[in-house]
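Participant: The structure file entry_17.cif (mmCIF, N, CA and C atoms and all ligand atoms) is provided below.
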data_entry
#
loop_
_atom_site.label_atom_id
_atom_site.label_comp_id
_atom_site.auth_asym_id
_atom_site.auth_seq_id
_atom_site.Cartn_x
_atom_site.Cartn_y
_atom_site.Cartn_z
N MET A 1 0.83 -1.21 0.00
CA MET A 1 0.00 0.00 0.00
C MET A 1 0.87 1.25 0.00
N SER A 2 1.91 1.23 0.82
CA SER A 2 2.76 2.43 0.88
C SER A 2 3.91 2.34 -0.13
N ALA A 3 3.86 1.31 -0.96
CA ALA A 3 4.97 1.13 -1.91
C ALA A 3 4.98 2.20 -3.00
N ARG A 4 3.81 2.66 -3.38
CA ARG A 4 3.75 3.59 -4.53
C ARG A 4 4.39 4.95 -4.26
N PRO A 5 4.01 5.63 -3.15
CA PRO A 5 4.65 6.92 -2.92
C PRO A 5 6.16 6.80 -2.76
N ARG A 6 6.60 5.67 -2.17
CA ARG A 6 8.03 5.50 -1.97
C ARG A 6 8.76 5.39 -3.30
N ARG A 7 8.15 4.65 -4.21
CA ARG A 7 8.77 4.48 -5.53
C ARG A 7 8.82 5.83 -6.25
N ALA A 8 7.73 6.60 -6.13
CA ALA A 8 7.69 7.92 -6.77
C ALA A 8 8.81 8.80 -6.23
N ALA A 9 9.04 8.72 -4.92
CA ALA A 9 10.10 9.53 -4.31
C ALA A 9 11.46 9.10 -4.84
N LEU A 10 11.63 7.81 -5.02
CA LEU A 10 12.89 7.30 -5.54
C LEU A 10 13.15 7.83 -6.94
N VAL A 11 12.12 7.77 -7.77
CA VAL A 11 12.26 8.23 -9.16
C VAL A 11 12.57 9.72 -9.17
N THR A 12 11.88 10.48 -8.31
CA THR A 12 12.12 11.92 -8.23
C THR A 12 13.57 12.19 -7.82
N ALA A 13 14.04 11.42 -6.84
CA ALA A 13 15.42 11.60 -6.37
C ALA A 13 16.40 11.32 -7.49
N ALA A 14 16.16 10.25 -8.24
CA ALA A 14 17.06 9.90 -9.34
C ALA A 14 17.04 10.99 -10.40
N ALA A 15 15.85 11.52 -10.69
CA ALA A 15 15.73 12.58 -11.69
C ALA A 15 16.49 13.82 -11.23
N ALA A 16 16.43 14.09 -9.93
CA ALA A 16 17.13 15.26 -9.38
C ALA A 16 18.64 15.08 -9.54
N ILE A 17 19.12 13.86 -9.32
CA ILE A 17 20.56 13.59 -9.46
C ILE A 17 20.98 13.81 -10.91
N VAL A 18 20.14 13.34 -11.83
CA VAL A 18 20.44 13.51 -13.25
C VAL A 18 20.49 14.99 -13.60
N ALA A 19 19.48 15.75 -13.11
CA ALA A 19 19.42 17.18 -13.39
C ALA A 19 20.66 17.87 -12.83
N LEU A 20 21.07 17.45 -11.64
CA LEU A 20 22.23 18.03 -10.98
C LEU A 20 23.49 17.75 -11.80
N ALA A 21 23.63 16.50 -12.23
CA ALA A 21 24.80 16.11 -13.00
C ALA A 21 24.85 16.90 -14.30
N ALA A 22 23.69 17.10 -14.92
CA ALA A 22 23.63 17.84 -16.18
C ALA A 22 24.00 19.29 -15.94
N ALA A 23 23.57 19.83 -14.80
CA ALA A 23 23.84 21.23 -14.49
C ALA A 23 25.33 21.49 -14.31
N CYS A 24 26.07 20.46 -13.92
CA CYS A 24 27.51 20.60 -13.71
C CYS A 24 28.25 20.75 -15.04
N GLY A 25 27.55 20.61 -16.15
CA GLY A 25 28.16 20.80 -17.46
C GLY A 25 28.71 19.52 -18.01
N GLY A 26 28.62 19.36 -19.32
CA GLY A 26 29.17 18.18 -19.97
C GLY A 26 28.43 16.92 -19.58
N GLY A 27 27.22 17.07 -19.09
CA GLY A 27 26.43 15.90 -18.74
C GLY A 27 27.10 15.04 -17.70
N GLY A 28 27.90 15.67 -16.83
CA GLY A 28 28.55 14.90 -15.78
C GLY A 28 29.71 14.08 -16.29
N SER A 29 30.08 14.27 -17.52
CA SER A 29 31.15 13.47 -18.09
C SER A 29 32.32 14.37 -18.47
N SER A 30 32.95 14.95 -17.46
CA SER A 30 34.08 15.83 -17.73
C SER A 30 35.21 15.04 -18.38
N ALA A 31 35.38 13.78 -17.95
CA ALA A 31 36.34 12.92 -18.62
C ALA A 31 35.64 12.34 -19.85
N SER A 32 36.38 12.25 -20.98
CA SER A 32 35.71 11.71 -22.17
C SER A 32 35.71 10.19 -22.12
N SER A 33 34.78 9.61 -22.81
CA SER A 33 34.64 8.16 -22.81
C SER A 33 35.83 7.52 -23.52
N PRO A 34 36.26 6.35 -23.05
CA PRO A 34 37.46 5.72 -23.60
C PRO A 34 37.33 5.35 -25.08
N LEU A 35 38.43 5.56 -25.81
CA LEU A 35 38.47 5.16 -27.21
C LEU A 35 38.71 3.66 -27.30
N PRO A 36 38.19 3.03 -28.35
CA PRO A 36 38.51 1.61 -28.54
C PRO A 36 40.00 1.44 -28.85
N THR A 37 40.54 0.29 -28.48
CA THR A 37 41.95 0.04 -28.73
C THR A 37 42.09 -1.27 -29.52
N GLY A 38 43.29 -1.58 -29.91
CA GLY A 38 43.59 -2.85 -30.59
C GLY A 38 42.81 -2.99 -31.88
N ALA A 39 42.28 -4.18 -32.10
CA ALA A 39 41.60 -4.49 -33.36
C ALA A 39 40.38 -3.60 -33.59
N GLN A 40 39.81 -3.05 -32.49
CA GLN A 40 38.61 -2.24 -32.62
C GLN A 40 38.90 -0.75 -32.80
N ALA A 41 40.18 -0.37 -32.76
CA ALA A 41 40.54 1.04 -32.73
C ALA A 41 39.94 1.82 -33.89
N HIS A 42 39.77 1.18 -35.03
CA HIS A 42 39.24 1.89 -36.20
C HIS A 42 37.90 1.34 -36.65
N ASP A 43 37.26 0.58 -35.79
CA ASP A 43 35.95 0.00 -36.12
C ASP A 43 34.90 1.12 -36.12
N PRO A 44 34.34 1.44 -37.30
CA PRO A 44 33.42 2.59 -37.39
C PRO A 44 32.17 2.42 -36.52
N THR A 45 31.72 1.18 -36.34
CA THR A 45 30.53 0.94 -35.51
C THR A 45 30.82 1.30 -34.05
N VAL A 46 31.97 0.84 -33.57
CA VAL A 46 32.33 1.09 -32.17
C VAL A 46 32.60 2.58 -31.95
N LEU A 47 33.26 3.21 -32.92
CA LEU A 47 33.56 4.65 -32.80
C LEU A 47 32.27 5.48 -32.78
N ALA A 48 31.32 5.10 -33.63
CA ALA A 48 30.03 5.81 -33.65
C ALA A 48 29.28 5.57 -32.34
N GLY A 49 29.39 4.34 -31.82
CA GLY A 49 28.73 4.00 -30.57
C GLY A 49 29.27 4.81 -29.40
N ARG A 50 30.56 5.13 -29.46
CA ARG A 50 31.16 5.94 -28.39
C ARG A 50 30.52 7.33 -28.35
N LYS A 51 30.25 7.89 -29.51
CA LYS A 51 29.62 9.22 -29.57
C LYS A 51 28.21 9.17 -28.99
N VAL A 52 27.47 8.14 -29.36
CA VAL A 52 26.10 7.99 -28.84
C VAL A 52 26.16 7.83 -27.32
N PHE A 53 27.10 7.01 -26.84
CA PHE A 53 27.21 6.78 -25.41
C PHE A 53 27.50 8.09 -24.66
N SER A 54 28.46 8.86 -25.15
CA SER A 54 28.81 10.12 -24.50
C SER A 54 27.62 11.06 -24.43
N ALA A 55 26.84 11.10 -25.51
CA ALA A 55 25.72 12.04 -25.59
C ALA A 55 24.51 11.59 -24.78
N GLU A 56 24.22 10.30 -24.77
CA GLU A 56 22.93 9.83 -24.23
C GLU A 56 23.03 8.99 -22.96
N CYS A 57 24.15 8.41 -22.68
CA CYS A 57 24.21 7.40 -21.62
C CYS A 57 25.18 7.74 -20.50
N ALA A 58 26.23 8.52 -20.81
CA ALA A 58 27.30 8.75 -19.83
C ALA A 58 26.79 9.46 -18.58
N THR A 59 25.75 10.29 -18.72
CA THR A 59 25.21 11.02 -17.57
C THR A 59 24.85 10.05 -16.44
N CYS A 60 24.26 8.94 -16.79
CA CYS A 60 23.80 7.99 -15.76
C CYS A 60 24.77 6.82 -15.56
N HIS A 61 25.46 6.44 -16.61
CA HIS A 61 26.30 5.24 -16.50
C HIS A 61 27.78 5.58 -16.34
N GLY A 62 28.13 6.89 -16.31
CA GLY A 62 29.52 7.31 -16.15
C GLY A 62 30.24 7.36 -17.48
N SER A 63 31.15 8.33 -17.65
CA SER A 63 31.81 8.50 -18.95
C SER A 63 32.59 7.26 -19.34
N GLY A 64 33.11 6.53 -18.35
CA GLY A 64 33.86 5.30 -18.63
C GLY A 64 33.02 4.06 -18.37
N GLY A 65 31.70 4.26 -18.21
CA GLY A 65 30.82 3.13 -17.91
C GLY A 65 30.99 2.63 -16.48
N GLN A 66 31.53 3.49 -15.62
CA GLN A 66 31.79 3.07 -14.23
C GLN A 66 30.54 3.09 -13.37
N GLY A 67 29.46 3.64 -13.89
CA GLY A 67 28.21 3.63 -13.15
C GLY A 67 27.95 4.96 -12.45
N GLY A 68 26.75 5.12 -11.94
CA GLY A 68 26.29 6.34 -11.29
C GLY A 68 24.85 6.11 -10.90
N VAL A 69 23.93 6.84 -11.55
CA VAL A 69 22.51 6.57 -11.38
C VAL A 69 22.20 5.16 -11.89
N GLY A 70 22.79 4.81 -13.00
CA GLY A 70 22.64 3.46 -13.57
C GLY A 70 23.84 2.60 -13.20
N PRO A 71 23.73 1.29 -13.41
CA PRO A 71 24.81 0.37 -13.01
C PRO A 71 26.07 0.53 -13.84
N THR A 72 27.19 0.08 -13.27
CA THR A 72 28.45 0.03 -14.01
C THR A 72 28.36 -1.01 -15.12
N PHE A 73 29.12 -0.78 -16.18
CA PHE A 73 29.24 -1.79 -17.24
C PHE A 73 30.62 -2.43 -17.21
N ASN A 74 31.48 -1.98 -16.28
CA ASN A 74 32.87 -2.41 -16.28
C ASN A 74 33.07 -3.81 -15.67
N ASP A 75 32.01 -4.38 -15.13
CA ASP A 75 32.13 -5.65 -14.42
C ASP A 75 31.74 -6.85 -15.28
N GLY A 76 31.56 -6.61 -16.57
CA GLY A 76 31.20 -7.71 -17.45
C GLY A 76 29.74 -8.12 -17.39
N ARG A 77 28.92 -7.34 -16.66
CA ARG A 77 27.52 -7.72 -16.46
C ARG A 77 26.72 -7.79 -17.75
N LEU A 78 27.10 -6.94 -18.74
CA LEU A 78 26.31 -6.91 -19.97
C LEU A 78 26.39 -8.25 -20.69
N LEU A 79 27.59 -8.83 -20.71
CA LEU A 79 27.78 -10.10 -21.41
C LEU A 79 27.06 -11.22 -20.67
N ARG A 80 26.90 -11.04 -19.35
CA ARG A 80 26.19 -12.04 -18.54
C ARG A 80 24.67 -11.86 -18.68
N ASP A 81 24.21 -10.61 -18.56
CA ASP A 81 22.77 -10.35 -18.58
C ASP A 81 22.17 -10.44 -19.98
N PHE A 82 23.01 -10.18 -20.99
CA PHE A 82 22.51 -10.20 -22.37
C PHE A 82 23.48 -11.02 -23.23
N PRO A 83 23.40 -12.35 -23.12
CA PRO A 83 24.32 -13.19 -23.91
C PRO A 83 24.21 -12.86 -25.40
N ASN A 84 23.02 -12.48 -25.83
CA ASN A 84 22.81 -12.13 -27.22
C ASN A 84 22.70 -10.60 -27.33
N PRO A 85 23.56 -9.95 -28.13
CA PRO A 85 23.53 -8.48 -28.23
C PRO A 85 22.14 -7.93 -28.57
N SER A 86 21.36 -8.68 -29.34
CA SER A 86 20.04 -8.16 -29.73
C SER A 86 19.11 -8.02 -28.52
N ASP A 87 19.36 -8.83 -27.46
CA ASP A 87 18.57 -8.67 -26.23
C ASP A 87 18.89 -7.34 -25.55
N GLN A 88 20.15 -6.94 -25.67
CA GLN A 88 20.55 -5.65 -25.08
C GLN A 88 19.95 -4.49 -25.88
N VAL A 89 19.90 -4.64 -27.20
CA VAL A 89 19.25 -3.63 -28.04
C VAL A 89 17.78 -3.47 -27.62
N THR A 90 17.12 -4.60 -27.39
CA THR A 90 15.71 -4.56 -26.97
C THR A 90 15.58 -3.85 -25.63
N PHE A 91 16.47 -4.17 -24.70
CA PHE A 91 16.41 -3.54 -23.37
C PHE A 91 16.54 -2.02 -23.49
N VAL A 92 17.55 -1.56 -24.25
CA VAL A 92 17.80 -0.12 -24.37
C VAL A 92 16.62 0.55 -25.10
N SER A 93 16.02 -0.14 -26.04
CA SER A 93 14.86 0.42 -26.75
C SER A 93 13.70 0.63 -25.80
N GLN A 94 13.49 -0.34 -24.90
CA GLN A 94 12.29 -0.31 -24.05
C GLN A 94 12.50 0.39 -22.72
N GLY A 95 13.74 0.43 -22.21
CA GLY A 95 14.01 1.01 -20.90
C GLY A 95 13.42 0.16 -19.79
N LYS A 96 13.67 0.62 -18.55
CA LYS A 96 13.16 -0.10 -17.39
C LYS A 96 13.30 0.81 -16.18
N GLY A 97 12.20 1.12 -15.52
CA GLY A 97 12.24 1.99 -14.34
C GLY A 97 12.84 3.34 -14.68
N VAL A 98 13.95 3.69 -14.01
CA VAL A 98 14.60 4.99 -14.21
C VAL A 98 15.31 5.04 -15.57
N MET A 99 15.66 3.89 -16.09
CA MET A 99 16.34 3.82 -17.39
C MET A 99 15.34 4.17 -18.49
N PRO A 100 15.60 5.29 -19.23
CA PRO A 100 14.64 5.71 -20.26
C PRO A 100 14.58 4.74 -21.45
N ALA A 101 13.46 4.74 -22.15
CA ALA A 101 13.33 3.99 -23.41
C ALA A 101 13.95 4.82 -24.52
N PHE A 102 14.79 4.20 -25.34
CA PHE A 102 15.46 4.96 -26.40
C PHE A 102 14.91 4.66 -27.80
N ALA A 103 13.88 3.84 -27.87
CA ALA A 103 13.23 3.64 -29.17
C ALA A 103 12.64 4.99 -29.59
N GLY A 104 12.88 5.42 -30.80
CA GLY A 104 12.37 6.70 -31.25
C GLY A 104 13.33 7.85 -30.95
N VAL A 105 14.22 7.66 -29.98
CA VAL A 105 15.25 8.68 -29.68
C VAL A 105 16.48 8.37 -30.51
N LEU A 106 16.85 7.09 -30.53
CA LEU A 106 17.99 6.62 -31.32
C LEU A 106 17.46 5.77 -32.47
N THR A 107 18.16 5.83 -33.61
CA THR A 107 17.78 4.99 -34.74
C THR A 107 18.23 3.55 -34.44
N PRO A 108 17.68 2.56 -35.15
CA PRO A 108 18.15 1.19 -34.95
C PRO A 108 19.66 1.06 -35.15
N THR A 109 20.22 1.81 -36.09
CA THR A 109 21.67 1.78 -36.30
C THR A 109 22.41 2.31 -35.08
N GLN A 110 21.93 3.43 -34.53
CA GLN A 110 22.58 4.00 -33.34
C GLN A 110 22.47 3.06 -32.13
N LEU A 111 21.33 2.39 -32.02
CA LEU A 111 21.14 1.43 -30.93
C LEU A 111 22.19 0.31 -31.04
N ALA A 112 22.36 -0.21 -32.25
CA ALA A 112 23.34 -1.28 -32.45
C ALA A 112 24.76 -0.77 -32.18
N GLU A 113 25.03 0.49 -32.55
CA GLU A 113 26.37 1.06 -32.35
C GLU A 113 26.68 1.22 -30.86
N VAL A 114 25.72 1.78 -30.11
CA VAL A 114 26.00 2.03 -28.69
C VAL A 114 26.12 0.71 -27.93
N VAL A 115 25.34 -0.28 -28.32
CA VAL A 115 25.42 -1.60 -27.69
C VAL A 115 26.80 -2.22 -27.98
N ALA A 116 27.27 -2.09 -29.21
CA ALA A 116 28.59 -2.63 -29.57
C ALA A 116 29.68 -1.95 -28.74
N TYR A 117 29.59 -0.63 -28.60
CA TYR A 117 30.58 0.11 -27.81
C TYR A 117 30.59 -0.35 -26.35
N GLU A 118 29.41 -0.45 -25.77
CA GLU A 118 29.31 -0.86 -24.36
C GLU A 118 29.90 -2.26 -24.16
N ARG A 119 29.59 -3.15 -25.08
CA ARG A 119 30.04 -4.55 -24.92
C ARG A 119 31.53 -4.71 -25.19
N LYS A 120 32.01 -4.01 -26.24
CA LYS A 120 33.39 -4.25 -26.67
C LYS A 120 34.41 -3.39 -25.94
N VAL A 121 34.01 -2.21 -25.51
CA VAL A 121 34.98 -1.31 -24.85
C VAL A 121 34.71 -1.22 -23.35
N LEU A 122 33.50 -0.85 -22.97
CA LEU A 122 33.25 -0.58 -21.55
C LEU A 122 33.22 -1.85 -20.70
N SER A 123 32.81 -2.97 -21.27
CA SER A 123 32.75 -4.22 -20.50
C SER A 123 34.13 -4.71 -20.11
N LYS A 124 35.15 -4.28 -20.84
CA LYS A 124 36.49 -4.80 -20.62
C LYS A 124 37.35 -3.86 -19.79
N ARG A 125 36.74 -2.75 -19.31
CA ARG A 125 37.51 -1.82 -18.48
C ARG A 125 37.59 -2.35 -17.06
N ARG A 126 38.68 -2.02 -16.39
CA ARG A 126 38.78 -2.42 -15.00
C ARG A 126 38.78 -1.18 -14.14
C1 LIG B 201 18.38 8.58 -16.60
C2 LIG B 201 19.49 7.68 -16.37
C3 LIG B 201 19.88 6.72 -17.45
C4 LIG B 201 20.24 7.00 -18.76
C5 LIG B 201 20.28 8.35 -19.46
C6 LIG B 201 20.61 5.73 -19.34
N1 LIG B 201 20.47 4.72 -18.43
FE1 LIG B 201 20.81 2.74 -18.74
N2 LIG B 201 20.15 2.30 -16.88
C7 LIG B 201 19.73 3.22 -15.94
C8 LIG B 201 19.26 2.52 -14.76
C9 LIG B 201 18.73 3.16 -13.48
C10 LIG B 201 19.38 1.14 -15.03
C11 LIG B 201 18.94 -0.03 -14.16
C12 LIG B 201 17.52 -0.37 -14.58
C13 LIG B 201 16.90 -1.49 -13.73
O1 LIG B 201 17.39 -2.63 -13.80
O2 LIG B 201 15.92 -1.20 -13.06
C14 LIG B 201 19.94 1.05 -16.37
C15 LIG B 201 20.24 -0.16 -16.99
C16 LIG B 201 20.83 -0.27 -18.23
C17 LIG B 201 21.20 -1.53 -18.86
C18 LIG B 201 21.00 -2.92 -18.27
C19 LIG B 201 22.21 -3.33 -17.47
C20 LIG B 201 22.07 -4.75 -16.95
O3 LIG B 201 23.05 -5.52 -17.04
O4 LIG B 201 21.00 -5.10 -16.45
C21 LIG B 201 21.71 -1.22 -20.09
C22 LIG B 201 22.22 -2.18 -21.15
C23 LIG B 201 21.68 0.23 -20.22
N3 LIG B 201 21.15 0.77 -19.07
C24 LIG B 201 22.13 0.90 -21.33
C25 LIG B 201 21.97 2.28 -21.51
C26 LIG B 201 22.29 2.96 -22.74
C27 LIG B 201 22.84 2.29 -23.98
C28 LIG B 201 21.99 4.26 -22.56
C29 LIG B 201 22.09 5.39 -23.56
C30 LIG B 201 21.53 5.18 -24.88
C31 LIG B 201 21.48 4.41 -21.21
N4 LIG B 201 21.51 3.18 -20.60
C32 LIG B 201 21.06 5.59 -20.64
C33 LIG B 201 19.76 4.59 -16.08
C34 LIG B 201 20.02 5.28 -17.25
#
Will you turn the file into structure tokens for me?
Facilitator:
Amino acid sequence: MSARPRRAALVTAAAAIVALAAACGGGGSSASSPLPTGAQAHDPTVLAGRKVFSAECATCHGSGGQGGVGPTFNDGRLLRDFPNPSDQVTFVSQGKGVMPAFAGVLTPTQLAEVVAYERKVLSKRR
């Protein structure tokens, strides 16, 4: 019975944190997101995904994917939670709770790019 107002307060608090981070300039990502290295250094999909991540995701997930309002990606969780990359595309399209839905915000190509960046670069950071 009292679960609803509490959840609303949580969402409001998270939104306030996001607004605060945005107000600090650069979407809270003063450090730029890591460039791909090695075989992926010139992969156009991963490079494009880095731009999408910096613009749309770093505010909540951290510029290096270290986490913040949203969970870290540096612990390999994406490969565990989404063995198939297309499941991760579906998740990002639909959102969940505080995580916004990005269908209609990002094109299918951009969704695939940002998912590739998160899996190939941010998942392997320590
Ligand atoms: C307003 C903050 C916010 C923004 C912006 C945001 N996320 Fe999230 N994200 C979250 C939160 C909070 C969760 C945890 C959702 C849950 O499980 O309830 C999450 C979860 C996720 C997960 C699932 C992680 C897992 O292993 O379960 C993925 C993948 C993800 N986000 C990708 C993205 C991508 C890609 C973007 C940018 C296009 C993005 N997020 C932008 C807040 C955000």
Participant: Using all atoms listed in the file, which residues have at least one atom no more than 6.5 Å from ligand LIG 201 (chain B)? Output them as number ranges by chain.
Facilitator: A: 18, 52-53, 56-61, 69-71, 77-78, 81-82, 88, 91-92, 96-100, 102, 114-115
Participant: So which one's closest to Gln110 of chain A, A:Gln66, A:Thr90, A:Ser54, A:Thr45? Using only C-alpha atoms, please.
Facilitator: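 For Gln110 of chain A, the nearest of the given residues is A:Thr45.
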Participant: List the spatial neighbours of Thr109 of chain A as JSON, numbers by chain - criterion: any atom at most 12 Å away, only C-alpha atoms, same-chain residues fewer than 6 positions off excluded.
Facilitator: {"A": [44, 45, 46, 48, 49, 52, 89, 93, 103, 115, 116]}
Participant: Could you check how far atom CA of Asp87 of chain A sits from atom C of Thr107 of chain A, in Å to one decimal?
Facilitator: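 It comes out at 14.7 Å.
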Participant: Provide the atom C of Ala112 of chain A to atom CA of Asp43 of chain A distance in Å, to one decimal place.
Facilitator: 11.9 Å
Participant: Between atom CA of Ala39 of chain A and atom C of Val105 of chain A, what is the spacing in Å?
Facilitator: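 A separation of 28.4 Å between them.
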Participant: Extract, using only C-alpha atoms, all DNA, RNA and protein residues at most 9 Å from Leu35 of chain A, discarding same-chain residues fewer than 4 positions from it, and format them as a VMD selection string.
Facilitator: chain A and resid 41 46 to 47 50 121
Participant: Nearest residue to Pro108 of chain A out of A:Pro34, A:Lys120, A:Gly65, A:Ser86, using only C-alpha atoms?
Facilitator: A:Ser86
